[in-house]
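Text of the file structure03.tsv, holding TSV, C-alpha atoms and all ligand atoms:
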chain	number	residue	atom	x	y	z
A	1127	MET	CA	17.31	13.55	7.06
A	1128	THR	CA	16.30	14.93	3.71
A	1129	GLN	CA	18.25	17.56	1.77
A	1130	HIS	CA	17.20	21.06	0.71
A	1131	ALA	CA	18.74	23.08	-2.12
A	1132	ALA	CA	20.34	26.33	-1.08
A	1133	SER	CA	18.68	29.26	-2.85
A	1134	SER	CA	20.63	32.25	-4.01
A	1135	ALA	CA	20.63	35.28	-1.71
A	1136	THR	CA	19.50	37.44	-4.64
A	1137	ASP	CA	16.40	35.33	-5.29
A	1138	ASN	CA	13.05	36.54	-4.07
A	1139	PRO	CA	11.06	33.31	-3.66
A	1140	TRP	CA	7.72	35.18	-3.86
A	1141	ILE	CA	8.36	36.23	-7.46
A	1142	ALA	CA	7.17	34.04	-10.30
A	1143	HIS	CA	9.75	34.26	-13.05
A	1144	PRO	CA	8.51	34.29	-16.65
A	1145	ALA	CA	9.39	31.10	-18.51
A	1146	THR	CA	8.64	30.08	-22.08
A	1147	ILE	CA	7.08	26.73	-22.87
A	1148	CYS	CA	9.64	25.31	-25.32
A	1149	SER	CA	7.83	22.06	-26.04
A	1150	ILE	CA	4.88	19.97	-24.89
A	1151	ARG	CA	5.18	16.23	-25.11
A	1152	PRO	CA	1.98	14.20	-24.67
A	1153	GLU	CA	2.81	11.23	-22.42
A	1154	THR	CA	-0.37	9.34	-21.51
A	1155	PRO	CA	-4.07	10.31	-21.57
A	1156	GLY	CA	-4.35	13.55	-19.57
A	1157	VAL	CA	-0.61	13.77	-18.90
A	1158	ALA	CA	2.01	15.82	-20.74
A	1159	THR	CA	5.60	16.93	-20.14
A	1160	TYR	CA	6.35	20.65	-20.48
A	1161	GLU	CA	9.86	21.84	-21.21
A	1162	LEU	CA	10.39	25.33	-19.81
A	1163	ALA	CA	13.16	27.89	-20.23
A	1164	PHE	CA	13.40	31.06	-18.13
A	1165	ASN	CA	13.13	34.21	-20.21
A	1166	ASP	CA	15.95	35.77	-18.19
A	1167	PRO	CA	19.16	34.17	-19.54
A	1168	ASP	CA	20.94	34.79	-16.23
A	1169	ARG	CA	18.28	32.91	-14.29
A	1170	GLN	CA	18.25	30.15	-16.90
A	1171	SER	CA	22.01	29.62	-16.51
A	1172	ARG	CA	21.96	29.77	-12.68
A	1173	TYR	CA	18.91	27.59	-12.06
A	1174	ARG	CA	19.65	24.36	-10.13
A	1175	PHE	CA	17.43	21.83	-8.38
A	1176	LEU	CA	17.69	18.57	-6.43
A	1177	PRO	CA	15.81	15.36	-7.27
A	1178	GLY	CA	12.39	15.49	-5.61
A	1179	GLN	CA	12.04	19.26	-5.49
A	1180	PHE	CA	9.09	21.09	-7.01
A	1181	ASN	CA	8.24	24.43	-8.59
A	1182	MET	CA	5.08	26.51	-8.27
A	1183	LEU	CA	3.79	26.93	-11.83
A	1184	TYR	CA	1.73	30.09	-12.29
A	1185	LEU	CA	-0.90	30.35	-15.01
A	1186	PRO	CA	-2.03	34.02	-15.21
A	1187	GLY	CA	-5.74	34.25	-14.46
A	1188	PHE	CA	-5.89	30.77	-12.95
A	1189	GLY	CA	-3.35	30.59	-10.11
A	1190	GLU	CA	-0.44	28.43	-9.02
A	1191	SER	CA	0.09	24.69	-8.54
A	1192	ALA	CA	2.94	22.70	-7.04
A	1193	ILE	CA	4.52	20.49	-9.71
A	1194	SER	CA	7.61	18.31	-9.27
A	1195	ILE	CA	10.55	18.65	-11.59
A	1196	SER	CA	10.79	15.48	-13.69
A	1197	SER	CA	14.08	16.12	-15.51
A	1198	ASP	CA	17.73	15.36	-14.84
A	1199	PRO	CA	19.25	17.62	-12.13
A	1200	GLU	CA	22.55	17.36	-13.95
A	1201	GLU	CA	21.02	18.91	-17.06
A	1202	PRO	CA	19.43	21.91	-15.33
A	1203	SER	CA	19.04	23.80	-18.59
A	1204	ARG	CA	16.46	21.21	-19.67
A	1205	LEU	CA	13.69	21.86	-17.14
A	1206	LEU	CA	10.79	19.41	-17.40
A	1207	HIS	CA	7.50	19.10	-15.50
A	1208	THR	CA	5.18	16.16	-16.12
A	1209	VAL	CA	1.63	17.20	-15.33
A	1210	ARG	CA	-1.70	15.41	-15.06
A	1211	VAL	CA	-4.82	17.49	-15.60
A	1212	ALA	CA	-6.48	17.63	-12.18
A	1213	GLY	CA	-8.34	20.94	-12.02
A	1214	ASN	CA	-8.07	24.67	-12.58
A	1215	VAL	CA	-4.35	25.35	-13.09
A	1216	THR	CA	-3.33	22.05	-14.66
A	1217	GLY	CA	-6.37	22.28	-16.96
A	1218	ALA	CA	-5.25	25.76	-18.08
A	1219	LEU	CA	-1.70	24.48	-18.60
A	1220	ALA	CA	-3.05	21.70	-20.83
A	1221	ARG	CA	-4.56	24.39	-23.09
A	1222	THR	CA	-1.25	26.23	-23.60
A	1223	HIS	CA	1.00	25.95	-26.66
A	1224	PRO	CA	4.76	26.08	-27.19
A	1225	GLY	CA	5.96	29.69	-27.24
A	1226	GLU	CA	3.55	30.84	-24.53
A	1227	THR	CA	4.83	32.23	-21.22
A	1228	ILE	CA	3.95	31.03	-17.70
A	1229	GLY	CA	5.42	31.92	-14.27
A	1230	VAL	CA	7.75	29.70	-12.25
A	1231	ARG	CA	8.67	30.02	-8.55
A	1232	GLY	CA	11.15	27.63	-7.03
A	1233	PRO	CA	12.71	25.21	-6.58
A	1234	PHE	CA	11.12	24.38	-3.23
A	1235	GLY	CA	11.17	21.55	-0.74
A	1236	SER	CA	13.30	18.67	0.39
A	1237	ALA	CA	14.99	16.16	-1.90
A	1238	TRP	CA	15.26	12.40	-2.13
A	1239	PRO	CA	18.30	11.39	-0.04
A	1240	VAL	CA	20.48	10.24	-2.94
A	1241	ALA	CA	23.74	10.86	-1.06
A	1242	GLU	CA	22.73	9.21	2.24
A	1243	ILE	CA	21.55	6.02	0.53
A	1244	ARG	CA	24.83	5.37	-1.28
A	1245	ASN	CA	25.87	1.69	-1.02
A	1246	SER	CA	22.34	0.55	-0.25
A	1247	ASP	CA	19.95	-1.48	-2.37
A	1248	VAL	CA	17.24	0.89	-3.57
A	1249	VAL	CA	13.60	0.03	-4.21
A	1250	ILE	CA	11.66	2.77	-5.96
A	1251	ALA	CA	7.92	2.09	-5.62
A	1252	CYS	CA	5.58	4.44	-7.44
A	1253	GLY	CA	2.16	4.64	-8.97
A	1254	GLY	CA	0.90	6.62	-11.98
A	1255	ILE	CA	2.18	10.20	-12.08
A	1256	GLY	CA	4.29	9.33	-8.98
A	1257	LEU	CA	7.07	8.24	-11.33
A	1258	ALA	CA	7.59	11.88	-12.40
A	1259	PRO	CA	9.19	13.11	-9.12
A	1260	LEU	CA	11.29	9.94	-9.00
A	1261	ARG	CA	12.64	10.10	-12.55
A	1262	PRO	CA	15.40	12.55	-11.47
A	1263	VAL	CA	16.46	9.96	-8.87
A	1264	ILE	CA	16.64	7.25	-11.53
A	1265	TYR	CA	18.86	9.49	-13.66
A	1266	HIS	CA	21.06	10.26	-10.66
A	1267	LEU	CA	21.42	6.64	-9.55
A	1268	LEU	CA	22.05	5.21	-13.01
A	1269	ARG	CA	24.76	7.80	-13.63
A	1270	ARG	CA	26.51	6.47	-10.52
A	1271	ARG	CA	25.50	2.83	-10.86
A	1272	HIS	CA	28.66	1.55	-9.12
A	1273	GLU	CA	27.91	3.60	-5.95
A	1274	TYR	CA	24.66	1.74	-5.21
A	1275	GLY	CA	23.62	-1.87	-4.71
A	1276	ARG	CA	20.64	-3.44	-6.45
A	1277	MET	CA	18.22	-0.95	-7.94
A	1278	THR	CA	14.62	-1.96	-8.51
A	1279	LEU	CA	11.70	0.04	-9.84
A	1280	LEU	CA	8.22	-1.18	-8.89
A	1281	TYR	CA	5.77	0.75	-11.04
A	1282	GLY	CA	2.01	0.53	-11.32
A	1283	ALA	CA	-0.68	2.35	-13.26
A	1284	ARG	CA	-4.37	1.94	-13.95
A	1285	SER	CA	-3.89	0.61	-17.51
A	1286	PRO	CA	-1.03	-0.02	-19.97
A	1287	GLN	CA	-1.88	3.33	-21.64
A	1288	ASP	CA	-1.25	5.14	-18.33
A	1289	LEU	CA	2.35	3.91	-17.91
A	1290	LEU	CA	4.76	6.85	-18.08
A	1291	PHE	CA	8.15	7.18	-19.81
A	1292	ALA	CA	7.90	3.69	-21.39
A	1293	ASP	CA	10.28	4.75	-24.19
A	1294	GLU	CA	13.07	5.09	-21.58
A	1295	TRP	CA	12.61	1.71	-19.90
A	1296	ASN	CA	14.90	-0.31	-22.19
A	1297	HIS	CA	17.69	2.16	-21.55
A	1298	TRP	CA	17.09	2.10	-17.78
A	1299	ARG	CA	17.12	-1.72	-17.80
A	1300	SER	CA	20.31	-1.83	-19.84
A	1301	GLU	CA	21.95	0.50	-17.31
A	1302	GLY	CA	21.12	-1.86	-14.43
A	1303	LEU	CA	17.65	-0.94	-13.19
A	1304	GLU	CA	15.49	-4.01	-12.49
A	1305	MET	CA	11.84	-3.32	-13.21
A	1306	GLU	CA	8.55	-4.87	-12.14
A	1307	VAL	CA	5.49	-3.29	-13.71
A	1308	THR	CA	1.83	-3.90	-13.00
A	1309	VAL	CA	-1.49	-2.46	-14.11
A	1310	ASP	CA	-4.95	-2.55	-12.54
A	1311	ARG	CA	-6.57	-3.51	-15.84
A	1312	GLY	CA	-4.72	-5.08	-18.79
A	1313	ASP	CA	-5.79	-5.12	-22.43
A	1314	ALA	CA	-5.46	-7.60	-25.30
A	1315	ASP	CA	-1.77	-6.68	-25.83
A	1316	TRP	CA	-0.70	-6.59	-22.18
A	1317	LYS	CA	1.60	-9.49	-21.29
A	1318	GLY	CA	2.73	-8.12	-17.93
A	1319	GLN	CA	1.37	-8.34	-14.44
A	1320	ILE	CA	-2.07	-7.30	-13.28
A	1321	GLY	CA	-2.73	-6.24	-9.70
A	1322	VAL	CA	-1.92	-3.60	-7.15
A	1323	LEU	CA	1.60	-2.20	-6.84
A	1324	PRO	CA	2.37	-3.19	-3.21
A	1325	ALA	CA	1.85	-6.87	-4.20
A	1326	LEU	CA	5.05	-6.60	-6.29
A	1327	PHE	CA	7.06	-6.71	-3.04
A	1328	SER	CA	6.36	-10.45	-2.91
A	1329	ARG	CA	8.47	-10.84	-6.09
A	1330	LEU	CA	11.56	-9.28	-4.48
A	1331	ASP	CA	14.36	-11.01	-2.65
A	1332	LEU	CA	15.28	-8.20	-0.24
A	1333	ALA	CA	18.13	-7.76	2.21
A	1334	PRO	CA	16.26	-5.50	4.68
A	1335	GLU	CA	19.33	-4.24	6.54
A	1336	ARG	CA	20.73	-2.67	3.38
A	1337	THR	CA	17.53	-1.74	1.53
A	1338	THR	CA	16.08	1.78	1.16
A	1339	VAL	CA	12.58	2.34	-0.20
A	1340	LEU	CA	11.54	5.53	-2.01
A	1341	THR	CA	7.82	5.82	-2.70
A	1342	CYS	CA	5.49	8.31	-4.38
A	1343	GLY	CA	1.91	7.99	-5.54
A	1344	PRO	CA	-1.61	8.05	-4.14
A	1345	GLU	CA	-1.50	8.12	-0.33
A	1346	ILE	CA	-3.41	4.84	-0.02
A	1347	MET	CA	-0.81	3.16	-2.25
A	1348	MET	CA	2.06	4.58	-0.20
A	1349	ARG	CA	0.46	3.28	3.01
A	1350	PHE	CA	0.40	-0.25	1.58
A	1351	VAL	CA	3.96	0.10	0.24
A	1352	ILE	CA	5.06	1.13	3.74
A	1353	SER	CA	3.23	-1.83	5.30
A	1354	GLU	CA	4.94	-4.24	2.88
A	1355	ALA	CA	8.34	-2.72	3.58
A	1356	LEU	CA	7.90	-2.74	7.37
A	1357	LEU	CA	6.63	-6.33	7.18
A	1358	ARG	CA	9.95	-7.21	5.54
A	1359	ASN	CA	11.87	-5.56	8.39
A	1360	ILE	CA	12.99	-2.51	6.48
A	1361	SER	CA	13.50	0.25	9.04
A	1362	ALA	CA	11.04	3.19	9.01
A	1363	ARG	CA	14.14	5.38	8.80
A	1364	ARG	CA	15.01	3.83	5.46
A	1365	ILE	CA	11.58	4.33	3.91
A	1366	TYR	CA	11.11	7.74	2.25
A	1367	LEU	CA	7.88	9.10	0.81
A	1368	SER	CA	6.82	12.22	-1.04
A	1369	MET	CA	3.67	13.77	0.43
A	1370	GLU	CA	1.16	15.84	-1.52
A	1371	ARG	CA	-0.89	18.65	0.00
A	1372	ASN	CA	-2.50	21.74	-1.51
A	1373	MET	CA	-0.15	24.69	-1.27
A	1374	ASN	CA	-0.23	28.47	-1.41
A	1375	CYS	CA	3.04	30.07	-0.36
A	1376	ALA	CA	5.33	26.99	-0.69
A	1377	MET	CA	7.60	28.51	1.97
A	1378	GLY	CA	6.12	27.55	5.33
A	1379	PHE	CA	4.26	30.84	5.94
A	1380	CYS	CA	0.57	30.29	5.20
A	1381	GLY	CA	-0.03	26.93	6.90
A	1382	ARG	CA	-2.09	25.57	3.98
A	1383	CYS	CA	0.00	22.41	3.70
A	1384	GLN	CA	0.45	21.73	7.41
A	1385	LEU	CA	0.50	18.05	8.38
A	1386	GLY	CA	0.99	17.49	12.09
A	1387	PRO	CA	3.97	19.63	13.10
A	1388	ALA	CA	5.36	19.73	9.54
A	1389	PHE	CA	4.81	21.98	6.56
A	1390	VAL	CA	4.86	19.74	3.50
A	1391	CYS	CA	6.18	22.59	1.33
A	1392	LYS	CA	9.18	23.42	3.52
A	1393	ASP	CA	9.93	20.33	5.63
A	1394	GLY	CA	8.90	17.99	2.78
A	1395	PRO	CA	7.60	16.92	0.37
A	1396	VAL	CA	10.13	14.11	0.97
A	1397	PHE	CA	9.92	12.72	4.50
A	1398	THR	CA	11.00	9.53	6.19
A	1399	CYS	CA	8.28	7.09	7.12
A	1400	GLU	CA	9.46	7.52	10.72
A	1401	GLN	CA	8.57	11.24	10.51
A	1402	MET	CA	5.19	10.70	8.82
A	1403	GLN	CA	3.90	7.48	10.38
A	1404	PRO	CA	1.71	9.19	13.03
A	1405	TYR	CA	0.03	11.41	10.40
A	1406	LEU	CA	-0.50	9.09	7.47
A	1407	HIS	CA	-4.11	8.43	8.43
A	1408	LEU	CA	-4.94	12.17	8.32
A	1409	GLU	CA	-7.14	13.46	5.49
A	1410	GLU	CA	-6.28	16.84	3.95
A	1411	PHE	CA	-8.07	19.77	5.57
B	1	LIG	C1	5.00	18.75	-3.81
B	1	LIG	C2	3.98	18.44	-4.87
B	1	LIG	C3	4.39	17.98	-6.10
B	1	LIG	C4	3.46	17.69	-7.08
B	1	LIG	N1	3.91	17.24	-8.29
B	1	LIG	C5	3.03	17.02	-9.27
B	1	LIG	C6	3.49	16.60	-10.55
B	1	LIG	O1	4.70	16.42	-10.78
B	1	LIG	N2	2.58	16.40	-11.52
B	1	LIG	C7	1.23	16.59	-11.30
B	1	LIG	O2	0.43	16.40	-12.23
B	1	LIG	N3	0.75	16.97	-10.09
B	1	LIG	C8	1.63	17.19	-9.09
B	1	LIG	N4	1.17	17.60	-7.86
B	1	LIG	C9	-0.28	17.72	-7.66
B	1	LIG	C10	-0.82	19.07	-8.10
B	1	LIG	O3	-0.21	20.12	-7.39
B	1	LIG	C11	-2.33	19.06	-7.80
B	1	LIG	O4	-2.97	18.13	-8.64
B	1	LIG	C12	-2.91	20.44	-7.95
B	1	LIG	O5	-4.07	20.54	-7.14
B	1	LIG	C13	-3.34	20.73	-9.35
B	1	LIG	O6	-3.83	22.05	-9.37
B	1	LIG	P1	-5.13	22.42	-10.16
B	1	LIG	O7	-5.41	23.86	-9.92
B	1	LIG	O8	-5.03	21.97	-11.58
B	1	LIG	O9	-6.22	21.49	-9.51
B	1	LIG	P2	-7.30	21.95	-8.44
B	1	LIG	O10	-8.26	22.89	-9.08
B	1	LIG	O11	-6.59	22.37	-7.20
B	1	LIG	O12	-8.02	20.56	-8.24
B	1	LIG	C14	-7.41	19.56	-7.45
B	1	LIG	C15	-8.44	18.50	-7.10
B	1	LIG	O13	-9.66	19.07	-6.72
B	1	LIG	C16	-10.70	18.57	-7.53
B	1	LIG	N5	-11.61	19.66	-7.89
B	1	LIG	C17	-11.27	20.77	-8.57
B	1	LIG	N6	-12.34	21.55	-8.72
B	1	LIG	C18	-13.37	20.90	-8.12
B	1	LIG	C19	-14.74	21.19	-7.92
B	1	LIG	N7	-15.30	22.33	-8.39
B	1	LIG	N8	-15.49	20.31	-7.25
B	1	LIG	C20	-14.96	19.18	-6.77
B	1	LIG	N9	-13.67	18.85	-6.93
B	1	LIG	C21	-12.89	19.70	-7.58
B	1	LIG	C22	-10.06	18.02	-8.76
B	1	LIG	O14	-10.78	16.93	-9.30
B	1	LIG	C23	-8.75	17.57	-8.25
B	1	LIG	O15	-8.84	16.27	-7.74
B	1	LIG	C24	2.08	17.87	-6.84
B	1	LIG	C25	1.66	18.34	-5.60
B	1	LIG	C26	2.59	18.61	-4.62
B	1	LIG	C27	2.13	19.11	-3.30
B	2	LIG	S1	2.09	26.20	1.36
B	2	LIG	FE1	2.15	27.79	2.82
B	2	LIG	S2	2.94	26.80	4.54
B	2	LIG	FE2	3.12	25.29	3.00
Entire entry expressed as C-alpha cells:
Amino acid sequence: MTQHAASSATDNPWIAHPATICSIRPETPGVATYELAFNDPDRQSRYRFLPGQFNMLYLPGFGESAISISSDPEEPSRLLHTVRVAGNVTGALARTHPGETIGVRGPFGSAWPVAEIRNSDVVIACGGIGLAPLRPVIYHLLRRRHEYGRMTLLYGARSPQDLLFADEWNHWRSEGLEMEVTVDRGDADWKGQIGVLPALFSRLDLAPERTTVLTCGPEIMMRFVISEALLRNISARRIYLSMERNMNCAMGFCGRCQLGPAFVCKDGPVFTCEQMQPYLHLEEF
C-alpha cells in the first residue's frame, strides 16, 4: 500500500496559500525548476511532504495545475517544482519572475513506498520530466544507502539536451546509485546509449524476488516498463507507478481524475501495478 501525508487539522485544503517564487532555474528546453516559499512564515515552517506527493499550483487568471514536488522531503523549507510547459497554467508560470507570488494548495496524494521497500533492490525507471517526482526518492534512498540493496536508475529522454538534473548525477553515482541513461536521438557529442527506456532492462542482472520497480513517465513508456518487469518475474505488487490525470479539486470530490474505481488525486498518484493493471489501457476522458 502507498502512504499519504497527514495534513494538519487547521489546514483548509481548498485554500491556495500565497507563495513567493524565490528562484527559477532553467533545466532543459521548456523545463524549469521553481523554488517557492510560503508568504506566511508559520506555514513555511510547518510545511511537510512525502516523496511522490504533488501540489496544486495556482496562477491567478489562468487556473491550477497538479505539479509534483521535486525537492528533498528532509529539507522542506526548500520547496521545488520542476515544470514543463504544457499549456495554459504551465505556460503562465514560465512567464513569471522571481519575487512574484503564486498560490499553492497541498501537499496531496500518495507517496512512493520508501519505508515498505527497505532491504530490497530498487529500480527507478523514468522518462523525461518523470524524473522530477522521483528525485525526492533518490534523495531519501541515498541518505539511507545501507538500508537498501542495489539501487539503479534507468533514465531516458528524447535528446541529450532533455536530460534533467545532469549536474547531480556524479554525486548520485558516488553515493551508490547505478545509472543507465538512454536518449531517442543522440548528437555529435553523445557517447551514451540510444533507444527506448524499457530496453535498458536487458542490461540489468535482476534478482526478481527482492527487486522493486518505481516508474514515472509517459503512460506508454510505463506500460512497456511494466511488461519488462513482469517478464522478469517481478511481482505486480512490487511495481509502483505514478499516474497522471487532469485534476480540479485534488481531493476526491469532483471526479475529474477518476480511473476505474480510483481517484488519481486521492488514492494515487502512486499506485501498485496490481491496482492499475486493469485500467492501464484506458484513455483519459
Ligand atoms: C499528480 C500529477 C503530478 C504532475 N507533476 C508534474 C510535474 O512535476 N511537472 C510537470 O511539468 N507536469 C506535471 N504534471 C502534469 C501537469 O499537471 C499537466 O501538464 C497540466 O495539464 C499542465 O497544465 P496546463 O494548464 O499548463 O496545461 P493544459 O492547458 O491543461 O494543457 C495540457 C495538455 O493539453 C494540450 N492543450 C492545451 N490547450 C490545447 C488546445 N487548445 N488544443 C489542443 N490541445 C491543447 C496541451 O498541449 C497539453 O498537452 C503532473 C500531473 C499530475 C496529475
Ligand atoms: S481531481 Fe477531483 S476527484 Fe480527483
Q: Identify, on the basis of all atoms listed in the file, every residue whose closest approach to A:Glu1345 does not exceed 9 Å; exclude the query and any residue fewer than 5 positions from it along the same chain; express the result as a ChimeraX atom specification.
A: /A:1350,1369-1370,1406
**Q.** Straight-line distance linking atom CA of A:Ser1285 with atom CA of A:Gly1321, stated in Å to one decimal
**A.**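 We find that atom CA of A:Ser1285 and atom CA of A:Gly1321 lie 10.5 Å from each other.
Proximity to A:Met1305 was assessed for A:Ala1220, A:Ala1292, A:Ile1352, A:Leu1183 counting all atoms listed in the file; the smallest distance is recorded for A:Ala1292.
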Q) atom C2 of ligand LIG 1 (chain B) to atom CA of A:Phe1175: how many Å, to one decimal? A) 14.3 Å
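Straight-line separation from atom CA of A:Lys1392 to atom CA of A:Thr1208: 21.3 Å.
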Q | Shell of 10 Å around ligand LIG 2 (chain B) (only C-alpha atoms and all ligand atoms), written as a ChimeraX atom specification | A | /A:1192,1235,1371-1385,1388-1395
Q) Using all atoms listed in the file, can you list as a VMD selection string the residues within 12 Å of (12.2, 25.6, -27.0)? A) chain A and resid 1145 to 1151 1160 to 1165 1203 to 1206 1223 to 1227
Could you write out that same residue set with C-alpha atoms as a PDB file, in the coordinates of the input?
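Done, and the output landed in again.pdb:
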ATOM      1  CA  ALA A1145       9.390  31.100 -18.510  1.00  0.00           C
ATOM      2  CA  THR A1146       8.640  30.080 -22.080  1.00  0.00           C
ATOM      3  CA  ILE A1147       7.080  26.730 -22.870  1.00  0.00           C
ATOM      4  CA  CYS A1148       9.640  25.310 -25.320  1.00  0.00           C
ATOM      5  CA  SER A1149       7.830  22.060 -26.040  1.00  0.00           C
ATOM      6  CA  ILE A1150       4.880  19.970 -24.890  1.00  0.00           C
ATOM      7  CA  ARG A1151       5.180  16.230 -25.110  1.00  0.00           C
ATOM      8  CA  TYR A1160       6.350  20.650 -20.480  1.00  0.00           C
ATOM      9  CA  GLU A1161       9.860  21.840 -21.210  1.00  0.00           C
ATOM     10  CA  LEU A1162      10.390  25.330 -19.810  1.00  0.00           C
ATOM     11  CA  ALA A1163      13.160  27.890 -20.230  1.00  0.00           C
ATOM     12  CA  PHE A1164      13.400  31.060 -18.130  1.00  0.00           C
ATOM     13  CA  ASN A1165      13.130  34.210 -20.210  1.00  0.00           C
ATOM     14  CA  SER A1203      19.040  23.800 -18.590  1.00  0.00           C
ATOM     15  CA  ARG A1204      16.460  21.210 -19.670  1.00  0.00           C
ATOM     16  CA  LEU A1205      13.690  21.860 -17.140  1.00  0.00           C
ATOM     17  CA  LEU A1206      10.790  19.410 -17.400  1.00  0.00           C
ATOM     18  CA  HIS A1223       1.000  25.950 -26.660  1.00  0.00           C
ATOM     19  CA  PRO A1224       4.760  26.080 -27.190  1.00  0.00           C
ATOM     20  CA  GLY A1225       5.960  29.690 -27.240  1.00  0.00           C
ATOM     21  CA  GLU A1226       3.550  30.840 -24.530  1.00  0.00           C
ATOM     22  CA  THR A1227       4.830  32.230 -21.220  1.00  0.00           C
TER      23      THR A1227
END
If you take all atoms listed in the file and a cut-off of 8 Å, which residues of chain A touch ligand LIG 1 (chain B), and what are their nearest atom pairs and distances in Å to one decimal, in chain and number order, as a Markdown table?
| residue | atom | partner | partner_atom | distance |
| --- | --- | --- | --- | --- |
| A:Val1157 | CA | B:LIG1 | O2 | 7.2 |
| A:Gln1179 | CA | B:LIG1 | C1 | 7.3 |
| A:Phe1180 | CA | B:LIG1 | C1 | 5.7 |
| A:Asn1181 | CA | B:LIG1 | C3 | 7.9 |
| A:Phe1188 | CA | B:LIG1 | O7 | 7.6 |
| A:Gly1189 | CA | B:LIG1 | O7 | 7.0 |
| A:Glu1190 | CA | B:LIG1 | O7 | 6.8 |
| A:Ser1191 | CA | B:LIG1 | O3 | 4.7 |
| A:Ala1192 | CA | B:LIG1 | O3 | 4.1 |
| A:Ile1193 | CA | B:LIG1 | N1 | 3.6 |
| A:Ser1194 | CA | B:LIG1 | O1 | 3.8 |
| A:Ile1195 | CA | B:LIG1 | O1 | 6.3 |
| A:Ser1196 | CA | B:LIG1 | O1 | 6.8 |
| A:His1207 | CA | B:LIG1 | O1 | 6.1 |
| A:Thr1208 | CA | B:LIG1 | N2 | 5.3 |
| A:Val1209 | CA | B:LIG1 | O2 | 3.4 |
| A:Arg1210 | CA | B:LIG1 | O2 | 3.7 |
| A:Val1211 | CA | B:LIG1 | O8 | 6.0 |
| A:Ala1212 | CA | B:LIG1 | C23 | 4.5 |
| A:Gly1213 | CA | B:LIG1 | O9 | 3.3 |
| A:Asn1214 | CA | B:LIG1 | O7 | 3.8 |
| A:Val1215 | CA | B:LIG1 | O7 | 3.7 |
| A:Thr1216 | CA | B:LIG1 | O8 | 3.5 |
| A:Gly1217 | CA | B:LIG1 | O8 | 5.6 |
| A:Ala1218 | CA | B:LIG1 | O8 | 7.5 |
| A:Gly1235 | CA | B:LIG1 | C1 | 7.4 |
| A:Ile1255 | CA | B:LIG1 | N2 | 6.2 |
| A:Gly1256 | CA | B:LIG1 | O1 | 7.3 |
| A:Ala1258 | CA | B:LIG1 | O1 | 5.6 |
| A:Pro1259 | CA | B:LIG1 | O1 | 5.8 |
| A:Ser1368 | CA | B:LIG1 | C1 | 7.3 |
| A:Met1369 | CA | B:LIG1 | C1 | 6.7 |
| A:Glu1370 | CA | B:LIG1 | C27 | 3.8 |
| A:Arg1371 | CA | B:LIG1 | C27 | 4.5 |
| A:Asn1372 | CA | B:LIG1 | C27 | 5.6 |
| A:Met1373 | CA | B:LIG1 | C27 | 6.4 |
| A:Val1390 | CA | B:LIG1 | C27 | 7.4 |
| A:Cys1391 | CA | B:LIG1 | C1 | 6.5 |
| A:Gly1394 | CA | B:LIG1 | C1 | 7.7 |
| A:Pro1395 | CA | B:LIG1 | C1 | 5.3 |
Q.
Taking all atoms listed in the file into account, name the residue in A:Thr1154, A:Ser1236, A:Ser1300, A:Ser1246 that is nearest to A:Tyr1274.
A. A:Ser1246
**Q.** Pick from A:Pro1167, A:Pro1262, A:Pro1239, A:Gly1253, whichever lies nearest to A:Arg1363 using all atoms listed in the file
**A.** A:Pro1239
Q: Find, counting all atoms listed in the file, the residue in A:Val1351, A:Pro1186, A:Pro1202, A:Met1277 that gets nearest to A:Ser1171.
A: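 The closest residue to A:Ser1171 is A:Pro1202.
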Q) What residues have an atom no more than 12 Å from (13.6, -9.7, 1.8) in the file's own frame, counting only C-alpha atoms, and can you write them as a ChimeraX atom specification? A) /A:1247,1249,1327-1338,1354-1360
Q. Of the candidates A:Tyr1173, A:Arg1231, A:Arg1349, A:Ser1361, which one gets nearest to A:Pro1404 if we count all atoms listed in the file?
A. A:Arg1349
Q | Top pick for closest residue to A:Gly1312, considering A:Val1396, A:Ile1346, A:Ala1283, A:Leu1185 and counting only C-alpha atoms | A |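 Nearest to A:Gly1312: A:Ala1283.
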Q. Using only C-alpha atoms, which residues sit within 12 Å of A:Val1309 once same-chain residues fewer than 2 positions away are excluded, as an MDAnalysis selection string?
A. chainID A and resid 1252:1254 1280:1290 1306:1307 1311:1313 1316:1326
Q) Counting only C-alpha atoms, what is within 7 Å of A:Leu1176, bar same-chain residues fewer than 2 positions away, as a PyMOL selection string? A) chain A and resi 1131+1178-1179+1199+1237
Written file, previous selection with C-alpha atoms, as an mmCIF file, keeping the file's coordinate frame:
data_model
loop_
_atom_site.group_PDB
_atom_site.id
_atom_site.type_symbol
_atom_site.label_atom_id
_atom_site.label_comp_id
_atom_site.auth_asym_id
_atom_site.auth_seq_id
_atom_site.Cartn_x
_atom_site.Cartn_y
_atom_site.Cartn_z
ATOM 1 C CA ALA A 1131 18.740 23.080 -2.120
ATOM 2 C CA GLY A 1178 12.390 15.490 -5.610
ATOM 3 C CA GLN A 1179 12.040 19.260 -5.490
ATOM 4 C CA PRO A 1199 19.250 17.620 -12.130
ATOM 5 C CA ALA A 1237 14.990 16.160 -1.900
#
Extending 8 Å beyond the listed atoms of stretch 1393-1397 of chain A on each side, what axis-aligned box results? I want centre and edge lengths in Å to one decimal, as JSON.
{"center_x": 8.9, "center_y": 16.5, "center_z": 3.0, "size_x": 18.5, "size_y": 23.6, "size_z": 21.3}
Enumerate, in order of chain and increasing residue number, the residues of stretch 1148-1246 of chain A with an atom no farther than 8 Å from stretch 1264-1271 of chain A, each with its shortest atom pair and distance in Å to one decimal, counting all atoms listed in the file, as a Markdown table.
| residue | atom | partner | partner_atom | distance |
| --- | --- | --- | --- | --- |
| A:Asp1198 | CA | A:Tyr1265 | CA | 6.1 |
| A:Pro1199 | CA | A:His1266 | CA | 7.7 |
| A:Glu1200 | CA | A:His1266 | CA | 8.0 |
| A:Val1240 | CA | A:Leu1267 | CA | 7.6 |
